[in-house]
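K.L.:
Take this structure, written in structure tokens, and hold onto it; I'll ask about it next.
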Amino acid sequence: MAKHQFGIIEQFEENKVYKEYEPEKYKCIPISIHLMDYVIDSYSENWKKVKTYLSSSLHQFYGLDESGITIIPPESLNLSRDIIIDANSKVKQTQLIYLINKIEEAIKNDKYIIHFGI
């Protein structure tokens, strides 16, 4: 089954291209495609405010690349977490609680999140 994966980059490297699919390396948690589609589609306007990068800090973006690799920098984590919290207040899914916890861990440790789209 296709899924999105979210993990923490322990040592973010500026200008490095994160192009390998390595969910184990980043201790990713899986989110079902259907649940993440809901979060992305229902909150598309909110995601447009979340500064991210496509595979490296050289390619600024806003939101999540649903089919590629997105890097969420520390300054965008609070807004990302708030979107997930709001979505989970409506759908009440354990997967989203795990994602909220993962984001909060990254916030606490000033780390980047890596997202592997489907």
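Naming scheme: A, B, ... for chains in displayed order of the structure tokens; residues 1 onward per chain; ligands 1 onward as shown.
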Residues near Gln60 (chain A), anyone? I mean within 12 Å using only C-alpha atoms, not counting same-chain ones fewer than 5 positions away, as a ChimeraX atom specification.
P.N.:
/A:15,50-55,65,70-73
K.L.:
So that I have them on file, write out the residues from the current selection with C-alpha atoms, as a CSV table (one decimal), in the first residue's frame.
P.N.:
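Final output, saved to part-v2.csv:
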chain,number,residue,atom,x,y,z
A,15,ASN,CA,23.0,22.2,-0.4
A,50,VAL,CA,4.6,26.4,4.9
A,51,LYS,CA,8.1,27.1,3.5
A,52,THR,CA,9.8,23.9,2.5
A,53,TYR,CA,12.5,22.7,0.1
A,54,LEU,CA,12.4,20.2,-2.7
A,55,SER,CA,15.1,17.6,-2.0
A,65,ASP,CA,5.6,17.5,-2.8
A,70,THR,CA,10.2,17.5,0.8
A,71,ILE,CA,12.4,19.0,3.5
A,72,ILE,CA,10.6,21.0,6.2
A,73,PRO,CA,13.0,23.4,8.0
K.L.:
Pick out the residues sitting within 10 Å of Asn88 (chain A), and hand them over as an MDAnalysis selection string; count only C-alpha atoms, and ignore anything fewer than 6 positions along from it in its own chain.
P.N.:
chainID A and resid 35 39 82 94:97 100
K.L.:
I need the chosen residues saved as a compact mmCIF listing (two decimals), in the first residue's frame, with N, CA and C atoms.
P.N.:
# COMPACT_ATOMS: atom_id res chain seq x y z
N LEU A 35 -5.25 9.21 4.07
CA LEU A 35 -5.27 10.16 5.17
C LEU A 35 -4.45 11.41 4.81
N VAL A 39 -5.41 15.48 4.41
CA VAL A 39 -4.72 16.58 5.09
C VAL A 39 -4.19 17.59 4.08
N ASP A 82 0.56 22.59 13.53
CA ASP A 82 -0.78 23.14 13.74
C ASP A 82 -1.77 22.64 12.68
N THR A 94 -4.77 7.80 14.82
CA THR A 94 -3.54 7.54 15.56
C THR A 94 -2.31 7.90 14.73
N GLN A 95 -2.36 7.65 13.43
CA GLN A 95 -1.22 7.98 12.56
C GLN A 95 -0.86 9.46 12.68
N LEU A 96 -1.86 10.31 12.75
CA LEU A 96 -1.59 11.75 12.86
C LEU A 96 -1.04 12.12 14.23
N ILE A 97 -1.43 11.41 15.26
CA ILE A 97 -0.85 11.64 16.58
C ILE A 97 0.65 11.32 16.55
N ILE A 100 2.31 14.18 14.76
CA ILE A 100 2.41 15.34 15.66
C ILE A 100 3.58 15.16 16.62
K.L.:
At a cut-off of 12 Å, using only C-alpha atoms, what residues contact Tyr18 (chain A)? Leave out same-chain residues fewer than 6 positions from it and give the result as a list of chain:residue names.
P.N.:
A:Ile9, A:Phe12, A:Lys25, A:Tyr26, A:Tyr53, A:Leu54, A:Ser55, A:Ser56, A:Ser57, A:Leu58, A:His59, A:Gly68, A:Ile69, A:Thr70, A:Ile71, A:Ile113, A:Ile114, A:His115, A:Phe116
K.L.:
For Ile33 (chain A), find every residue with an atom within 7 Å (counting only C-alpha atoms), except residues of its own chain fewer than 4 positions away, and show them as a CSV table (one decimal) with N, CA and C atoms, in the first residue's frame.
P.N.:
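What ended up in out-v3.csv:
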chain,number,residue,atom,x,y,z
A,2,ALA,N,0.6,2.2,-0.8
A,2,ALA,CA,1.3,3.4,-0.9
A,2,ALA,C,1.1,4.3,0.3
A,3,LYS,N,2.2,4.9,0.8
A,3,LYS,CA,2.1,5.8,2.0
A,3,LYS,C,3.1,6.9,1.9
A,4,HIS,N,2.8,7.9,2.7
A,4,HIS,CA,3.8,9.0,2.9
A,4,HIS,C,4.6,8.6,4.1
A,37,ASP,N,-3.8,12.5,1.8
A,37,ASP,CA,-4.5,13.2,0.8
A,37,ASP,C,-5.5,14.1,1.4
K.L.:
Which neighbours of Ser44 (chain A) fall inside 10 Å, counting only C-alpha atoms, when residues of the same chain fewer than 6 positions from it are skipped, and could you give them as a PyMOL selection string?
P.N.:
chain A and resi 38+63-64+83
K.L.:
Take the residues that were just selected and, keeping C-alpha atoms, output them as an mmCIF file, in the first residue's frame.
P.N.:
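Okay, selection-v7.cif is ready:
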data_model
loop_
_atom_site.group_PDB
_atom_site.id
_atom_site.type_symbol
_atom_site.label_atom_id
_atom_site.label_comp_id
_atom_site.auth_asym_id
_atom_site.auth_seq_id
_atom_site.Cartn_x
_atom_site.Cartn_y
_atom_site.Cartn_z
ATOM 1 C CA TYR A 38 -7.213 14.479 3.101
ATOM 2 C CA GLY A 63 3.839 22.868 1.008
ATOM 3 C CA LEU A 64 4.534 19.196 0.454
ATOM 4 C CA ILE A 83 -2.165 21.939 10.394
#
K.L.:
Going by DSSP on the backbone, which residues of region 7-99 of chain A come out as strand (DSSP E)? List them as a ChimeraX atom specification.
P.N.:
/A:7-9,29-32,51-54,60-62,69-72
K.L.:
So how far away is CA of Ile103 (chain A) from CA of Ser76 (chain A), in Å?
P.N.:
10.2 Å
K.L.:
Which one is closest to Glu75 (chain A): A:Glu13, A:Asp110, A:Glu22, A:Asp41? Count only C-alpha atoms.
P.N.:
A:Asp110
K.L.:
How many Å lie between CA of Asn46 (chain A) and CA of Lys111 (chain A), rounded to one decimal?
P.N.:
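These atoms are spaced 21.4 Å apart.
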K.L.:
So, counting only C-alpha atoms, which residue among A:Gln11, A:Glu104, A:Tyr62, A:Leu99 is closest to Leu77 (chain A)?
P.N.:
A:Glu104
K.L.:
Identify all residues of chain A in alpha helix (DSSP H) (DSSP on the backbone) and supply them as a PyMOL selection string.
P.N.:
chain A and resi 33-42+44-47+77-91+94-108
K.L.:
Write to file, as a PDB file, in the first residue's frame, the residues of the selection just made, with C-alpha atoms.
P.N.:
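Below is the file that was written, result_7.pdb:
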ATOM      1  CA  ILE A  33      -2.062   7.869   1.249  1.00  0.00           C
ATOM      2  CA  HIS A  34      -5.779   8.443   1.837  1.00  0.00           C
ATOM      3  CA  LEU A  35      -5.267  10.158   5.171  1.00  0.00           C
ATOM      4  CA  MET A  36      -2.458  12.363   3.873  1.00  0.00           C
ATOM      5  CA  ASP A  37      -4.492  13.211   0.766  1.00  0.00           C
ATOM      6  CA  TYR A  38      -7.213  14.479   3.101  1.00  0.00           C
ATOM      7  CA  VAL A  39      -4.718  16.577   5.092  1.00  0.00           C
ATOM      8  CA  ILE A  40      -3.087  18.031   1.977  1.00  0.00           C
ATOM      9  CA  ASP A  41      -6.317  18.688   0.075  1.00  0.00           C
ATOM     10  CA  SER A  42      -8.383  19.982   2.985  1.00  0.00           C
ATOM     11  CA  SER A  44      -4.139  23.329   0.801  1.00  0.00           C
ATOM     12  CA  GLU A  45      -4.313  27.049   1.596  1.00  0.00           C
ATOM     13  CA  ASN A  46      -2.514  26.497   4.897  1.00  0.00           C
ATOM     14  CA  TRP A  47       0.184  24.343   3.269  1.00  0.00           C
ATOM     15  CA  LEU A  77       7.504  23.068  11.915  1.00  0.00           C
ATOM     16  CA  ASN A  78       5.097  24.938  14.201  1.00  0.00           C
ATOM     17  CA  LEU A  79       2.763  25.748  11.310  1.00  0.00           C
ATOM     18  CA  SER A  80       3.054  22.186   9.973  1.00  0.00           C
ATOM     19  CA  ARG A  81       2.194  20.781  13.406  1.00  0.00           C
ATOM     20  CA  ASP A  82      -0.781  23.142  13.738  1.00  0.00           C
ATOM     21  CA  ILE A  83      -2.165  21.939  10.394  1.00  0.00           C
ATOM     22  CA  ILE A  84      -1.858  18.298  11.474  1.00  0.00           C
ATOM     23  CA  ILE A  85      -3.416  19.019  14.884  1.00  0.00           C
ATOM     24  CA  ASP A  86      -6.378  20.738  13.255  1.00  0.00           C
ATOM     25  CA  ALA A  87      -6.834  17.910  10.762  1.00  0.00           C
ATOM     26  CA  ASN A  88      -6.665  15.334  13.539  1.00  0.00           C
ATOM     27  CA  SER A  89      -9.312  17.196  15.549  1.00  0.00           C
ATOM     28  CA  LYS A  90     -11.657  16.240  12.714  1.00  0.00           C
ATOM     29  CA  VAL A  91     -10.512  12.722  11.755  1.00  0.00           C
ATOM     30  CA  THR A  94      -3.540   7.539  15.559  1.00  0.00           C
ATOM     31  CA  GLN A  95      -1.221   7.976  12.560  1.00  0.00           C
ATOM     32  CA  LEU A  96      -1.592  11.746  12.855  1.00  0.00           C
ATOM     33  CA  ILE A  97      -0.847  11.643  16.584  1.00  0.00           C
ATOM     34  CA  TYR A  98       2.424   9.870  15.736  1.00  0.00           C
ATOM     35  CA  LEU A  99       3.154  12.558  13.158  1.00  0.00           C
ATOM     36  CA  ILE A 100       2.408  15.344  15.656  1.00  0.00           C
ATOM     37  CA  ASN A 101       4.802  13.670  18.110  1.00  0.00           C
ATOM     38  CA  LYS A 102       7.492  13.368  15.422  1.00  0.00           C
ATOM     39  CA  ILE A 103       7.152  17.055  14.543  1.00  0.00           C
ATOM     40  CA  GLU A 104       7.260  18.066  18.215  1.00  0.00           C
ATOM     41  CA  GLU A 105      10.451  16.036  18.664  1.00  0.00           C
ATOM     42  CA  ALA A 106      11.998  17.904  15.723  1.00  0.00           C
ATOM     43  CA  ILE A 107      10.859  21.257  17.163  1.00  0.00           C
ATOM     44  CA  LYS A 108      12.346  20.434  20.560  1.00  0.00           C
TER      45      LYS A 108
END
